Structure formats: structure tokens, C-alpha cells
>>> print(open('protein09.pdb').read())   # PDB, C-alpha atoms
ATOM      1  CA  MET A   1     225.983-149.312-120.490
ATOM      2  CA  VAL A   2     228.632-148.332-123.035
ATOM      3  CA  LEU A   3     228.779-151.900-124.310
ATOM      4  CA  LEU A   4     224.991-151.973-124.804
ATOM      5  CA  LEU A   5     225.176-148.711-126.716
ATOM      6  CA  THR A   6     227.971-150.155-128.839
ATOM      7  CA  VAL A   7     225.941-153.247-129.690
ATOM      8  CA  PHE A   8     222.669-151.511-130.488
ATOM      9  CA  LEU A   9     224.107-148.375-132.048
ATOM     10  CA  GLY A  10     226.561-150.442-134.088
ATOM     11  CA  SER A  11     223.787-152.102-136.052
ATOM     12  CA  TYR A  12     222.198-148.707-136.688
ATOM     13  CA  VAL A  13     225.458-147.208-137.936
ATOM     14  CA  ALA A  14     226.099-150.273-140.113
ATOM     15  CA  GLY A  15     222.789-149.553-141.838
ATOM     16  CA  LEU A  16     224.153-146.172-142.914
ATOM     17  CA  SER A  17     226.905-147.800-144.952
ATOM     18  CA  GLY A  18     226.835-146.518-148.497
ATOM     19  CA  HIS A  19     225.118-143.260-147.575
ATOM     20  CA  GLU A  20     228.301-141.293-146.983
ATOM     21  CA  PRO A  21     227.603-138.598-149.612
ATOM     22  CA  LEU A  22     224.198-137.951-148.059
ATOM     23  CA  LEU A  23     225.741-137.728-144.593
ATOM     24  CA  PHE A  24     228.435-135.331-145.832
ATOM     25  CA  PHE A  25     225.807-133.184-147.563
ATOM     26  CA  GLY A  26     223.706-133.113-144.373
ATOM     27  CA  LEU A  27     226.744-132.142-142.317
ATOM     28  CA  GLY A  28     227.445-129.347-144.814
ATOM     29  CA  VAL A  29     223.875-128.071-144.507
ATOM     30  CA  VAL A  30     224.145-128.106-140.706
ATOM     31  CA  LEU A  31     227.459-126.209-140.772
ATOM     32  CA  LEU A  32     226.072-123.657-143.220
ATOM     33  CA  ALA A  33     222.960-123.177-141.066
ATOM     34  CA  LEU A  34     225.138-122.720-137.967
ATOM     35  CA  GLU A  35     227.156-120.123-139.857
ATOM     36  CA  LEU A  36     224.093-118.193-140.980
ATOM     37  CA  ILE A  37     222.187-118.343-137.692
ATOM     38  CA  PHE A  38     224.781-118.233-134.905
ATOM     39  CA  PHE A  39     228.313-117.561-136.134
ATOM     40  CA  HIS A  40     227.730-115.257-139.087
ATOM     41  CA  THR A  41     231.036-113.420-138.667
ATOM     42  CA  ALA A  42     233.298-116.458-138.567
ATOM     43  CA  GLY A  43     233.157-117.520-142.222
ATOM     44  CA  PHE A  44     235.052-120.777-141.855
ATOM     45  CA  LEU A  45     231.982-122.846-140.917
ATOM     46  CA  GLY A  46     230.144-121.660-144.011
ATOM     47  CA  ALA A  47     233.151-122.321-146.231
ATOM     48  CA  ILE A  48     233.601-125.832-144.831
ATOM     49  CA  GLY A  49     229.862-126.505-145.122
ATOM     50  CA  LEU A  50     229.765-125.307-148.721
ATOM     51  CA  ALA A  51     232.839-127.395-149.559
ATOM     52  CA  LEU A  52     231.227-130.471-147.965
ATOM     53  CA  MET A  53     228.012-129.922-149.906
ATOM     54  CA  LEU A  54     229.797-129.471-153.244
ATOM     55  CA  GLY A  55     232.093-132.418-152.512
ATOM     56  CA  ALA A  56     229.103-134.607-151.694
ATOM     57  CA  LEU A  57     227.471-133.650-154.996
ATOM     58  CA  VAL A  58     230.616-134.568-156.917
ATOM     59  CA  TRP A  59     230.993-137.795-154.927
ATOM     60  CA  THR A  60     227.381-138.739-155.685
ATOM     61  CA  MET A  61     227.831-138.179-159.415
ATOM     62  CA  ALA A  62     231.102-140.140-159.563
ATOM     63  CA  ASP A  63     230.856-143.663-160.929
ATOM     64  CA  LEU A  64     232.220-145.534-157.919
ATOM     65  CA  TRP A  65     231.084-149.055-157.128
ATOM     66  CA  PRO A  66     231.722-151.191-154.061
ATOM     67  CA  GLY A  67     234.112-154.044-154.594
ATOM     68  CA  GLU A  68     236.181-152.285-157.266
ATOM     69  CA  PRO A  69     239.898-152.066-156.617
ATOM     70  CA  LEU A  70     240.932-148.673-155.297
ATOM     71  CA  ALA A  71     243.448-148.230-158.100
ATOM     72  CA  THR A  72     240.616-148.432-160.656
ATOM     73  CA  ALA A  73     237.828-146.601-158.844
ATOM     74  CA  TRP A  74     239.616-143.641-157.281
ATOM     75  CA  THR A  75     241.414-142.253-160.310
ATOM     76  CA  ALA A  76     241.068-138.664-161.476
ATOM     77  CA  ASP A  77     239.100-139.877-164.503
ATOM     78  CA  ALA A  78     236.211-140.890-162.243
ATOM     79  CA  PHE A  79     235.773-137.278-161.133
ATOM     80  CA  VAL A  80     236.222-135.369-164.401
ATOM     81  CA  ARG A  81     232.639-135.755-165.649
ATOM     82  CA  PRO A  82     231.047-134.935-162.239
ATOM     83  CA  LEU A  83     233.239-131.827-161.914
ATOM     84  CA  LEU A  84     232.245-130.718-165.414
ATOM     85  CA  ASN A  85     228.565-131.292-164.597
ATOM     86  CA  LEU A  86     228.823-129.347-161.341
ATOM     87  CA  GLY A  87     230.746-126.501-162.997
ATOM     88  CA  GLY A  88     228.215-126.313-165.814
ATOM     89  CA  GLY A  89     225.332-126.268-163.373
ATOM     90  CA  LEU A  90     226.939-123.495-161.336
ATOM     91  CA  ALA A  91     227.638-121.488-164.511
ATOM     92  CA  ILE A  92     224.030-121.825-165.708
ATOM     93  CA  THR A  93     222.822-120.808-162.238
ATOM     94  CA  ALA A  94     225.050-117.711-162.254
ATOM     95  CA  VAL A  95     223.836-116.667-165.724
ATOM     96  CA  LEU A  96     220.166-117.158-164.818
ATOM     97  CA  LEU A  97     220.572-115.321-161.503
ATOM     98  CA  THR A  98     222.231-112.401-163.279
ATOM     99  CA  ALA A  99     219.438-112.301-165.873
ATOM    100  CA  ILE A 100     216.759-112.408-163.183
ATOM    101  CA  LEU A 101     218.405-109.625-161.188
ATOM    102  CA  ARG A 102     218.643-107.464-164.321
ATOM    103  CA  TRP A 103     215.051-108.166-165.408
ATOM    104  CA  LEU A 104     213.176-108.374-162.105
ATOM    105  CA  PRO A 105     213.378-104.726-160.925
ATOM    106  CA  ARG A 106     211.817-103.521-164.194
ATOM    107  CA  GLY A 107     209.038-106.076-164.485
ATOM    108  CA  TRP A 108     205.539-106.480-163.125
ATOM    109  CA  VAL A 109     206.755-109.148-160.690
ATOM    110  CA  TRP A 110     208.863-106.578-158.819
ATOM    111  CA  ASP A 111     205.861-104.230-158.583
ATOM    112  CA  ARG A 112     203.892-106.947-156.825
ATOM    113  CA  LEU A 113     206.757-107.777-154.444
ATOM    114  CA  ILE A 114     207.500-104.222-153.317
ATOM    115  CA  LEU A 115     205.034-101.973-151.535
ATOM    116  CA  GLY A 116     204.607 -98.922-153.751
ATOM    117  CA  ALA A 117     202.599 -96.647-151.469
ATOM    118  CA  SER A 118     203.318 -95.839-147.879
ATOM    119  CA  VAL A 119     201.035 -97.016-145.135
ATOM    120  CA  GLY A 120     199.161 -94.334-143.187
ATOM    121  CA  GLY A 121     200.681 -92.879-140.068
ATOM    122  CA  SER A 122     202.843 -90.003-139.076
ATOM    123  CA  ARG A 123     206.529 -89.742-138.597
ATOM    124  CA  ARG A 124     207.765 -88.503-135.252
ATOM    125  CA  ARG A 125     210.029 -85.530-135.517
ATOM    126  CA  ARG A 126     213.193 -85.380-133.527
ATOM    127  CA  PRO A 127     213.205 -82.480-131.052
ATOM    128  CA  ALA A 128     215.490 -79.556-131.764
ATOM    129  CA  ARG A 129     218.987 -79.675-130.315
ATOM    130  CA  SER A 130     218.227 -76.873-127.888
ATOM    131  CA  ALA A 131     215.301 -78.839-126.407
ATOM    132  CA  MET A 132     217.478 -81.861-125.623
ATOM    133  CA  PRO A 133     219.123 -82.234-122.243
ATOM    134  CA  SER A 134     222.875 -81.832-122.160
ATOM    135  CA  GLY A 135     224.769 -84.981-123.038
ATOM    136  CA  TRP A 136     221.908 -86.258-125.220
ATOM    137  CA  PRO A 137     222.233 -88.458-127.261
ATOM    138  CA  PRO A 138     224.675 -90.514-125.230
TER     139      PRO A 138
END
>>> encode(input="protein09.pdb", output="C-alpha cells")
Amino acid sequence: MVLLLTVFLGSYVAGLSGHEPLLFFGLGVVLLALELIFFHTAGFLGAIGLALMLGALVWTMADLWPGEPLATAWTADAFVRPLLNLGGGLAITAVLLTAILRWLPRGWVWDRLILGASVGGSRRRRPARSAMPSGWPP
């Protein structure tokens, strides 16, 4: 059974050759989702996931071609331009996010997002301390 899985799964895995950045990005998304949904106090899964996602973006932008010698392809020069592009994109995102957060609470968009008036109903009052049984609240 293991040999059959090796034969049939091997051809499937061979078809994924060349898609490593996409696989790393997907793994980063999965780790980040696990961090946010299940293990939100750990922190290391989110950090690893974010690092995988950013690394996959840099890897995708790098000018690496199959068949090139490793000494030529994997130099630091191949990653300078992608790192500059990623840093510039993150800087522009930070500036725009800061501008939106400064502008949004004062604009008409915020008024449409936030409920201005309260919905009908009454608020229950908490009974006086003397009316509570001893030891309440626990």
C-alpha cells in the first residue's frame, strides 16, 4: 500500500515542482490562521507564518531561473531589488493605514459604520448589595 502511494503521490508531488513560493505562502497563511483561531496566545506560529509569507513574496520577486549555477543565482544581489520593493510596499501601506485611521473617525464613512443611536430596550439594574444573598457574587 505504501509503495502504491509512493508511485501515485510521487507524480502528483513532481507536478508541484517550481511552485515552492506558493506552497510556502500557503503554509504561512495556514500557520497565521491557526495562530488567530486556535493558539492566539502563543505568538510563535503567527511570527513563523508571517515570516514565511514575506519570504515567499521576496522569493517570488527574485530573478531566479532553473538551470542557472547556484553561485550566480543565489547571490545577495538577486534579493536586493525584491527586498526594496517589499519594504517600499510595507512603508506605503503603513502611511496609508495611518492616514485612514486619522481621517476615518471624523468622516461621513465612520458615521455610516457606527450606530449613532441606541436601540430600544431597557437596561436591567443590579440589585442593591443588601438584597443580595451572602457570598454573592462568588
>>> resolve_selection(input="protein09.pdb", expression="the PyMOL selection byres ((chain A and resi 26) around 12)", output="list of chain:residue names")
A:His19, A:Glu20, A:Pro21, A:Leu22, A:Leu23, A:Phe24, A:Phe25, A:Leu27, A:Gly28, A:Val29, A:Val30, A:Leu31, A:Leu32, A:Ala33, A:Gly49, A:Leu50, A:Ala51, A:Leu52, A:Met53, A:Leu54, A:Gly55, A:Ala56, A:Leu57
>>> atom_distance(input="protein09.pdb", atom1="CA of Trp110 (chain A)", atom2="CA of Leu96 (chain A)")
16.6 Å
>>> atom_distance(input="protein09.pdb", atom1="CA of Ala78 (chain A)", atom2="CA of Ala62 (chain A)")
5.8 Å
>>> atom_distance(input="protein09.pdb", atom1="CA of Leu84 (chain A)", atom2="CA of Arg102 (chain A)")
27.0 Å
>>> residues_around(input="protein09.pdb", residues="Asn85 (chain A)", least_positions_apart="5", cutoff="9 Å", atoms="only C-alpha atoms", output="list in words")
Val58, Met61, Val80 and Leu90 of chain A
